[in-house]
file my_file.cif (mmCIF, C-alpha atoms (C1' of nucleotides))
data_coords
loop_
_atom_site.label_atom_id
_atom_site.label_comp_id
_atom_site.auth_asym_id
_atom_site.auth_seq_id
_atom_site.Cartn_x
_atom_site.Cartn_y
_atom_site.Cartn_z
CA MET F 1 -7.20 -18.02 -11.69
CA SER F 2 -4.69 -15.84 -9.88
CA GLU F 3 -1.25 -15.19 -11.34
CA ARG F 4 1.38 -17.03 -9.43
CA PRO F 5 4.13 -14.73 -8.19
CA ILE F 6 7.25 -14.65 -10.31
CA PRO F 7 9.79 -17.06 -8.87
CA ARG F 8 13.10 -15.46 -8.01
CA PRO F 9 15.66 -16.56 -10.59
CA THR F 10 18.81 -18.25 -9.36
CA HIS F 11 22.27 -17.07 -10.34
CA ALA F 12 22.53 -19.31 -13.37
CA GLU F 13 19.00 -18.54 -14.41
CA LEU F 14 19.59 -14.84 -14.21
CA SER F 15 22.57 -15.02 -16.53
CA ILE F 16 20.41 -16.83 -19.05
CA LEU F 17 17.66 -14.26 -18.69
CA ARG F 18 20.17 -11.51 -19.32
CA VAL F 19 21.05 -13.11 -22.64
CA LEU F 20 17.39 -13.44 -23.59
CA TRP F 21 16.68 -9.83 -22.70
CA GLU F 22 19.59 -8.66 -24.76
CA ARG F 23 19.13 -10.92 -27.75
CA GLY F 24 15.41 -11.41 -27.72
CA PRO F 25 13.91 -14.88 -28.40
CA SER F 26 16.76 -17.36 -28.81
CA THR F 27 17.53 -21.02 -29.14
CA VAL F 28 19.50 -22.95 -26.56
CA ARG F 29 22.50 -22.91 -28.85
CA GLU F 30 22.41 -19.17 -29.22
CA VAL F 31 22.18 -18.69 -25.47
CA HIS F 32 24.94 -21.19 -24.91
CA ASP F 33 27.21 -19.47 -27.41
CA ALA F 34 26.54 -16.10 -25.84
CA LEU F 35 27.32 -17.41 -22.37
CA SER F 36 30.41 -19.26 -23.52
CA SER F 37 32.16 -16.01 -24.27
CA THR F 38 32.29 -15.20 -20.59
CA GLN F 39 32.00 -18.53 -18.78
CA ALA F 40 32.66 -22.13 -19.66
CA THR F 41 29.42 -24.06 -19.55
CA GLY F 42 28.20 -27.25 -21.15
CA TYR F 43 25.49 -27.22 -23.77
CA THR F 44 23.23 -29.67 -21.97
CA THR F 45 23.63 -27.71 -18.79
CA VAL F 46 22.14 -24.65 -20.43
CA LEU F 47 19.46 -26.79 -22.02
CA LYS F 48 18.46 -28.32 -18.71
CA LEU F 49 18.35 -24.97 -17.01
CA MET F 50 16.14 -23.54 -19.70
CA GLN F 51 13.82 -26.53 -19.47
CA ILE F 52 13.50 -25.95 -15.73
CA MET F 53 12.94 -22.26 -16.30
CA THR F 54 10.11 -23.17 -18.63
CA GLU F 55 8.47 -25.24 -15.90
CA LYS F 56 8.89 -22.39 -13.46
CA GLY F 57 7.39 -19.95 -15.87
CA LEU F 58 10.48 -17.79 -16.13
CA VAL F 59 10.58 -18.26 -19.89
CA VAL F 60 8.15 -19.35 -22.58
CA ARG F 61 9.06 -21.86 -25.25
CA ASP F 62 8.08 -21.94 -28.87
CA GLU F 63 8.29 -25.56 -30.01
CA SER F 64 7.11 -25.06 -33.56
CA GLU F 65 10.62 -25.48 -34.92
CA ARG F 66 12.95 -28.33 -34.25
CA ALA F 67 15.22 -26.04 -32.28
CA HIS F 68 12.89 -24.59 -29.65
CA VAL F 69 12.92 -20.85 -29.26
CA TYR F 70 12.87 -19.43 -25.77
CA GLU F 71 11.79 -16.01 -24.65
CA ALA F 72 11.93 -14.29 -21.29
CA ARG F 73 8.44 -14.29 -19.87
CA HIS F 74 8.80 -11.03 -18.02
CA SER F 75 10.47 -7.83 -19.08
CA GLU F 76 13.87 -6.95 -17.74
CA GLN F 77 12.33 -4.02 -15.89
CA ARG F 78 9.62 -6.12 -14.31
CA MET F 79 12.13 -8.68 -13.10
CA GLN F 80 14.57 -6.09 -11.84
CA ARG F 81 11.82 -4.35 -9.95
CA GLN F 82 10.98 -7.49 -8.08
CA ILE F 83 14.60 -8.39 -7.40
CA VAL F 84 15.23 -4.94 -5.99
CA ALA F 85 12.08 -5.06 -3.89
CA ASP F 86 13.18 -8.39 -2.48
CA LEU F 87 16.63 -7.07 -1.66
CA VAL F 88 15.29 -3.91 -0.04
CA GLU F 89 13.18 -6.08 2.22
CA ARG F 90 15.87 -8.60 3.04
CA ALA F 91 18.95 -6.46 3.43
CA PHE F 92 17.80 -2.90 3.96
CA GLY F 93 14.88 -3.27 6.33
CA GLY F 94 12.47 -1.97 3.74
CA SER F 95 14.25 1.29 3.09
CA SER F 96 14.90 1.69 -0.60
CA ALA F 97 16.63 4.98 0.14
CA LYS F 98 19.31 3.12 2.09
CA LEU F 99 19.90 0.88 -0.88
CA VAL F 100 20.15 3.86 -3.18
CA MET F 101 22.72 5.47 -0.92
CA GLN F 102 24.81 2.30 -0.91
CA ALA F 103 24.57 1.92 -4.66
CA LEU F 104 25.55 5.51 -5.28
CA SER F 105 28.39 5.37 -2.79
CA GLY F 106 29.74 2.46 -4.79
CA ARG F 107 30.87 5.18 -7.23
CA LYS F 108 30.28 3.76 -10.67
CA ALA F 109 27.81 6.11 -12.25
CA SER F 110 28.67 8.49 -15.04
CA ALA F 111 27.81 12.16 -14.93
CA ALA F 112 25.05 11.52 -17.44
CA GLU F 113 23.55 8.82 -15.27
CA LEU F 114 23.74 11.02 -12.22
CA SER F 115 21.80 13.76 -13.88
CA GLU F 116 19.26 11.24 -15.04
CA ILE F 117 18.81 10.20 -11.45
CA ARG F 118 18.50 13.82 -10.48
CA GLU F 119 15.67 14.26 -12.94
CA LEU F 120 13.90 11.28 -11.50
CA LEU F 121 14.31 12.82 -8.06
CA ASP F 122 12.78 16.03 -9.30
CA ARG F 123 9.80 14.14 -10.60
CA LEU F 124 9.38 12.21 -7.37
CA GLU F 125 9.60 15.24 -5.16
CA GLY F 126 7.18 17.00 -7.45
CA ASP F 127 4.64 14.29 -6.80
CA LYS F 128 5.05 14.56 -3.06
CA ARG F 129 4.02 18.15 -2.67
CA MET L 1 47.92 -14.56 4.04
CA SER L 2 45.39 -12.86 1.79
CA GLU L 3 41.93 -11.95 3.08
CA ARG L 4 39.36 -14.30 1.69
CA PRO L 5 36.45 -12.49 0.06
CA ILE L 6 33.35 -12.18 2.22
CA PRO L 7 30.99 -15.02 1.37
CA ARG L 8 27.54 -13.91 0.32
CA PRO L 9 25.10 -14.60 3.14
CA THR L 10 22.09 -16.75 2.38
CA HIS L 11 18.56 -15.69 3.22
CA ALA L 12 18.51 -17.26 6.64
CA GLU L 13 22.00 -16.01 7.39
CA LEU L 14 21.10 -12.48 6.46
CA SER L 15 18.18 -12.40 8.87
CA ILE L 16 20.52 -13.48 11.64
CA LEU L 17 23.04 -10.84 10.66
CA ARG L 18 20.33 -8.23 10.80
CA VAL L 19 19.64 -9.15 14.39
CA LEU L 20 23.32 -8.99 15.27
CA TRP L 21 23.72 -5.62 13.64
CA GLU L 22 20.76 -4.26 15.53
CA ARG L 23 21.47 -5.81 18.90
CA GLY L 24 25.22 -6.03 18.85
CA PRO L 25 26.98 -9.15 20.16
CA SER L 26 24.38 -11.70 21.17
CA THR L 27 23.90 -15.26 22.26
CA VAL L 28 22.06 -17.83 20.20
CA ARG L 29 19.10 -17.54 22.53
CA GLU L 30 18.90 -13.81 22.12
CA VAL L 31 19.02 -14.10 18.36
CA HIS L 32 16.46 -16.86 18.42
CA ASP L 33 14.10 -14.84 20.58
CA ALA L 34 14.48 -11.82 18.33
CA LEU L 35 13.75 -13.88 15.24
CA SER L 36 10.83 -15.68 16.85
CA SER L 37 8.82 -12.48 16.99
CA THR L 38 8.57 -12.45 13.23
CA GLN L 39 9.11 -16.05 12.13
CA ALA L 40 8.75 -19.44 13.74
CA THR L 41 12.14 -21.09 13.89
CA GLY L 42 13.64 -23.80 16.06
CA TYR L 43 16.40 -23.01 18.53
CA THR L 44 18.81 -25.61 17.21
CA THR L 45 18.19 -24.38 13.70
CA VAL L 46 19.44 -20.96 14.63
CA LEU L 47 22.33 -22.50 16.54
CA LYS L 48 23.39 -24.61 13.59
CA LEU L 49 23.20 -21.68 11.23
CA MET L 50 25.34 -19.55 13.51
CA GLN L 51 27.89 -22.34 13.80
CA ILE L 52 28.09 -22.54 10.04
CA MET L 53 28.36 -18.78 9.80
CA THR L 54 31.31 -18.96 12.17
CA GLU L 55 33.05 -21.43 9.88
CA LYS L 56 32.35 -19.18 6.91
CA GLY L 57 33.71 -16.18 8.73
CA LEU L 58 30.45 -14.25 8.64
CA VAL L 59 30.46 -13.94 12.42
CA VAL L 60 33.02 -14.27 15.18
CA ARG L 61 32.37 -16.24 18.35
CA ASP L 62 33.41 -15.51 21.90
CA GLU L 63 33.50 -18.82 23.75
CA SER L 64 34.67 -17.52 27.10
CA GLU L 65 31.23 -17.92 28.62
CA ARG L 66 29.10 -21.00 28.60
CA ALA L 67 26.63 -19.34 26.27
CA HIS L 68 28.80 -18.30 23.36
CA VAL L 69 28.49 -14.72 22.20
CA TYR L 70 28.37 -14.05 18.49
CA GLU L 71 29.14 -10.86 16.66
CA ALA L 72 28.80 -9.89 13.03
CA ARG L 73 32.26 -9.93 11.52
CA HIS L 74 31.61 -7.13 9.06
CA SER L 75 29.69 -3.92 9.49
CA GLU L 76 26.22 -3.61 8.09
CA GLN L 77 27.50 -1.04 5.62
CA ARG L 78 30.35 -3.19 4.46
CA MET L 79 28.06 -6.14 3.87
CA GLN L 80 25.41 -4.07 2.15
CA ARG L 81 28.01 -2.57 -0.12
CA GLN L 82 29.12 -5.98 -1.27
CA ILE L 83 25.58 -7.28 -1.68
CA VAL L 84 24.69 -4.30 -3.81
CA ALA L 85 27.85 -4.61 -5.86
CA ASP L 86 27.03 -8.24 -6.51
CA LEU L 87 23.49 -7.42 -7.55
CA VAL L 88 24.59 -4.61 -9.83
CA GLU L 89 26.89 -7.03 -11.55
CA ARG L 90 24.44 -9.89 -11.81
CA ALA L 91 21.19 -8.15 -12.60
CA PHE L 92 22.04 -4.71 -13.93
CA GLY L 93 25.01 -5.35 -16.16
CA GLY L 94 27.28 -3.31 -13.95
CA SER L 95 25.23 -0.13 -14.02
CA SER L 96 24.50 0.99 -10.49
CA ALA L 97 22.52 3.88 -11.91
CA LYS L 98 20.02 1.45 -13.37
CA LEU L 99 19.59 -0.14 -9.98
CA VAL L 100 19.07 3.25 -8.39
CA MET L 101 16.41 4.11 -10.92
CA GLN L 102 14.58 0.87 -10.21
CA ALA L 103 14.81 1.33 -6.48
CA LEU L 104 13.54 4.88 -6.63
CA SER L 105 10.74 3.98 -9.01
CA GLY L 106 9.63 1.47 -6.42
CA ARG L 107 8.23 4.55 -4.62
CA LYS L 108 8.91 4.02 -0.97
CA ALA L 109 11.19 6.86 0.03
CA SER L 110 10.14 9.72 2.23
CA ALA L 111 10.72 13.35 1.32
CA ALA L 112 13.50 13.47 3.89
CA GLU L 113 15.21 10.47 2.35
CA LEU L 114 14.86 11.92 -1.10
CA SER L 115 16.59 15.11 -0.11
CA GLU L 116 19.31 13.10 1.56
CA ILE L 117 19.85 11.32 -1.71
CA ARG L 118 19.91 14.66 -3.45
CA GLU L 119 22.68 15.84 -1.17
CA LEU L 120 24.67 12.76 -1.93
CA LEU L 121 24.18 13.45 -5.61
CA ASP L 122 25.48 16.96 -5.12
CA ARG L 123 28.58 15.64 -3.44
CA LEU L 124 29.17 13.06 -6.16
CA GLU L 125 28.78 15.53 -8.98
CA GLY L 126 31.05 17.90 -7.14
CA ASP L 127 33.77 15.27 -7.19
CA LYS L 128 33.42 14.71 -10.90
CA ARG L 129 34.25 18.19 -12.00
"C1'" DT C 1 20.26 -45.45 -47.13
"C1'" DT C 2 23.51 -44.54 -44.00
"C1'" DG C 3 26.56 -41.78 -41.27
"C1'" DA C 4 27.56 -37.37 -39.22
"C1'" DC C 5 25.53 -33.92 -36.92
"C1'" DC C 6 22.35 -31.57 -34.07
"C1'" DA C 7 18.33 -31.28 -31.38
"C1'" DT C 8 15.53 -32.57 -26.92
"C1'" DA C 9 14.66 -35.63 -22.92
"C1'" DC C 10 15.90 -37.85 -18.89
"C1'" DG C 11 18.17 -39.15 -14.80
"C1'" DA C 12 21.59 -39.07 -11.50
"C1'" DA C 13 25.53 -37.11 -9.04
"C1'" DA C 14 27.44 -33.47 -6.25
"C1'" DC C 15 26.81 -29.75 -3.55
"C1'" DC C 16 24.49 -26.35 -0.68
"C1'" DC C 17 20.74 -24.70 2.39
"C1'" DT C 18 17.61 -25.41 5.97
"C1'" DT C 19 15.60 -27.90 9.44
"C1'" DC C 20 15.42 -30.66 13.37
"C1'" DG C 21 16.19 -34.86 16.47
"C1'" DT C 22 19.25 -36.52 19.61
"C1'" DA C 23 23.48 -36.84 22.41
"C1'" DT C 24 26.19 -34.86 25.87
"C1'" DA C 25 27.51 -31.98 29.52
"C1'" DG C 26 27.24 -27.84 32.69
"C1'" DC C 27 24.38 -25.34 36.06
"C1'" DT C 28 21.15 -24.73 39.74
"C1'" DT C 29 18.23 -25.66 43.28
"C1'" DG C 30 15.48 -28.47 46.33
"C1'" DC R 1 22.97 -35.96 45.05
"C1'" DA R 2 19.32 -35.89 41.63
"C1'" DA R 3 16.08 -33.68 38.57
"C1'" DG R 4 15.31 -30.32 35.45
"C1'" DC R 5 16.81 -26.67 32.68
"C1'" DT R 6 19.98 -24.88 29.30
"C1'" DA R 7 23.89 -24.91 26.56
"C1'" DT R 8 26.77 -26.87 22.40
"C1'" DA R 9 27.80 -30.56 19.06
"C1'" DC R 10 26.69 -33.67 15.63
"C1'" DG R 11 24.46 -35.99 11.99
"C1'" DA R 12 21.11 -36.79 8.80
"C1'" DA R 13 16.94 -35.85 6.09
"C1'" DG R 14 14.71 -33.16 2.51
"C1'" DG R 15 14.70 -30.01 -0.97
"C1'" DG R 16 16.79 -26.98 -4.45
"C1'" DT R 17 20.67 -25.84 -7.81
"C1'" DT R 18 23.96 -26.99 -11.09
"C1'" DT R 19 26.35 -30.07 -13.82
"C1'" DC R 20 26.78 -33.53 -17.16
"C1'" DG R 21 26.48 -38.33 -19.37
"C1'" DT R 22 23.66 -40.83 -22.13
"C1'" DA R 23 19.55 -42.08 -24.83
"C1'" DT R 24 16.76 -41.08 -28.62
"C1'" DG R 25 15.28 -39.28 -32.76
"C1'" DG R 26 15.19 -35.79 -36.72
"C1'" DT R 27 17.81 -33.71 -40.76
"C1'" DC R 28 20.85 -33.59 -44.45
"C1'" DA R 29 24.17 -34.72 -47.72
"C1'" DA R 30 27.21 -38.01 -50.04
#

call {"tool": "encode", "arguments": {"input": "my_file.cif", "output": "structure tokens"}}
result
Amino acid sequence: MSERPIPRPTHAELSILRVLWERGPSTVREVHDALSSTQATGYTTVLKLMQIMTEKGLVVRDESERAHVYEARHSEQRMQRQIVADLVERAFGGSSAKLVMQALSGRKASAAELSEIRELLDRLEGDKR
Amino acid sequence: MSERPIPRPTHAELSILRVLWERGPSTVREVHDALSSTQATGYTTVLKLMQIMTEKGLVVRDESERAHVYEARHSEQRMQRQIVADLVERAFGGSSAKLVMQALSGRKASAAELSEIRELLDRLEGDKR
DNA sequence: TTGACCATACGAAACCCTTCGTATAGCTTG
DNA sequence: CAAGCTATACGAAGGGTTTCGTATGGTCAA
């Protein structure tokens, strides 16, 4: 009766998930069209991937219409959280702070984002004391 | 004559790199012993992986002794930077701030680490104005 | 109704990752 | 020297990922 852990999505799967998160529930054709704008990819390739993702439980499929409608099973946040946790473990020896430092050093955050991060820091440090 | 981009290390490769970063230049046996403490893994498996990593350019090999000595080709920082950059692209739509938020929300940073991050933030915001 | 179009299903090829068995040769020591 | 240990090299199996060709059937309009 226990929930199986979310399988880590592969590269191709993640790009499909990103479309589903952005667009919401979508057909294979819609996902394919969205992906085609940035990368050449065959229709049946996307179809097959989404079928596999259904088996894995990464997406859920509504078969009530002829063109099945797929939806990401987990929220973008939920998935990101687990991807980050995995990376922290694998590449940063469990230190999420080290990852944060690397990400911030990669200079790509706007002033607005930086202050948002600062607010989060305030909240976190508030909790600690 | 152009530098090839660093190939992304696989899971198994990354755990070997972590040993090399921590220990410095090491033989296959030393890496194997270090890994064995946390995960069962055959000696020739580690050997084969390190041979492949040599071909990929992830490590460099000193063959002057009978037991070859391997060294990580790129610094831990350099590798982490590229792994993070890749993840930001693939999973966070290019926003490193979003990744930072996720990592920090994963609550696992000490007060000391948090203030270190805060200092980095100060420096970054200083640059912006 | 029939042909064009669009959908899913299926299977196989190509490639990569990981693992390990086995071959071969150097070293060391009794 | 011979036996035993230790090293690299090589190849192949097994599994996962990605791609795509092809089969099959539903839908719609002329």

call {"tool": "residues_around", "arguments": {"input": "my_file.cif", "residues": "region 86-91 of chain F", "least_positions_apart": "3", "cutoff": "8 Å", "atoms": "all atoms listed in the file", "output": "list in words"}}
result
Gln82, Ile83, Gly94, Ser95, Ser96 and Leu99 of chain F; His11, Leu14, Ser15, Arg18 and Gln80 of chain L

call {"tool": "closest_atom_pairs", "arguments": {"input": "my_file.cif", "of": "chain L", "to": "chain F", "cutoff": "10 Å", "atoms": "only C-alpha atoms", "output": "tab-separated table"}}
result
residue	atom	partner	partner_atom	distance
L:His11	CA	F:Arg90	CA	7.6
L:Ala12	CA	F:Arg90	CA	9.7
L:Leu14	CA	F:Ala91	CA	7.1
L:Ser15	CA	F:Arg90	CA	7.3
L:Leu17	CA	F:Ala91	CA	9.4
L:Arg18	CA	F:Ala91	CA	7.7
L:Glu76	CA	F:Ala91	CA	9.1
L:Gln77	CA	F:Gln102	CA	7.8
L:Arg78	CA	F:Gln102	CA	9.5
L:Met79	CA	F:Ala91	CA	9.1
L:Gln80	CA	F:Ala91	CA	7.0
L:Arg81	CA	F:Gln102	CA	5.9
L:Gln82	CA	F:Gly106	CA	9.2
L:Ile83	CA	F:Ala91	CA	8.4
L:Val84	CA	F:Ala103	CA	6.3
L:Ala85	CA	F:Gly106	CA	7.4
L:Leu87	CA	F:Val84	CA	8.8
L:Val88	CA	F:Ala103	CA	8.3
L:Arg90	CA	F:Ser15	CA	7.2
L:Ala91	CA	F:Gln80	CA	7.0
L:Phe92	CA	F:Gln80	CA	7.9
L:Gly93	CA	F:Arg18	CA	8.4
L:Gly94	CA	F:Lys108	CA	8.4
L:Ser95	CA	F:Ala109	CA	7.0
L:Ser96	CA	F:Ala103	CA	5.9
L:Ala97	CA	F:Ala109	CA	5.8
L:Lys98	CA	F:Glu113	CA	8.4
L:Leu99	CA	F:Ala103	CA	7.6
L:Val100	CA	F:Val100	CA	5.4
L:Met101	CA	F:Ile117	CA	6.6
L:Gln102	CA	F:Arg81	CA	5.9
L:Ala103	CA	F:Ser96	CA	5.9
L:Leu104	CA	F:Ser96	CA	7.0
L:Ser105	CA	F:Leu120	CA	8.3
L:Gly106	CA	F:Arg81	CA	7.2
L:Arg107	CA	F:Leu124	CA	8.2
L:Lys108	CA	F:Ser96	CA	6.4
L:Ala109	CA	F:Ala97	CA	5.8
L:Ser110	CA	F:Ala97	CA	8.3
L:Ala111	CA	F:Glu125	CA	6.8
L:Ala112	CA	F:Ala97	CA	9.8
L:Glu113	CA	F:Ala97	CA	6.1
L:Leu114	CA	F:Leu121	CA	7.0
L:Ser115	CA	F:Leu121	CA	8.6
L:Glu116	CA	F:Ala97	CA	8.7
L:Ile117	CA	F:Met101	CA	6.6
L:Arg118	CA	F:Arg118	CA	7.2
L:Leu120	CA	F:Met101	CA	7.6
L:Leu121	CA	F:Leu114	CA	7.1
L:Asp122	CA	F:Arg118	CA	9.3
L:Leu124	CA	F:Arg107	CA	8.1
L:Glu125	CA	F:Ala111	CA	6.9
L:Lys128	CA	F:Ala111	CA	7.4
L:Arg129	CA	F:Ala111	CA	9.3

call {"tool": "resolve_selection", "arguments": {"input": "my_file.cif", "expression": "the PyMOL selection byres ((chain L) within 10 of (chain C))", "output": "list in words"}}
result
Thr10, His11, Ala12, Thr41, Gly42, Tyr43, Thr44, Thr45, Val46, Lys48, Leu49 and Arg66 of chain L

call {"tool": "interface_residues", "arguments": {"input": "my_file.cif", "of": "chain R", "to": "chain F", "cutoff": "9 Å", "atoms": "only C-alpha atoms (C1' of nucleotides)", "output": "NGL selection string"}}
result
:R and (17-20 or 26)

call {"tool": "resolve_selection", "arguments": {"input": "my_file.cif", "expression": "the PyMOL selection byres ((chain L and resi 29) around 9)", "output": "PyMOL selection string"}}
result
chain L and resi 26-28+30-34+43+46-47+67

call {"tool": "atom_distance", "arguments": {"input": "my_file.cif", "atom1": "C1' of DG4 (chain R)", "atom2": "CA of Arg61 (chain L)"}}
result
28.0 Å

call {"tool": "closest_residue", "arguments": {"input": "my_file.cif", "among": "L:Pro9, L:Thr38, L:Leu20, L:Met50", "to": "Glu71 (chain L)", "atoms": "only C-alpha atoms"}}
result
L:Leu20

call {"tool": "atom_distance", "arguments": {"input": "my_file.cif", "atom1": "CA of Val60 (chain F)", "atom2": "CA of Pro5 (chain F)"}}
result
15.6 Å

call {"tool": "atom_distance", "arguments": {"input": "my_file.cif", "atom1": "CA of Trp21 (chain L)", "atom2": "CA of Ser75 (chain L)"}}
result
7.5 Å
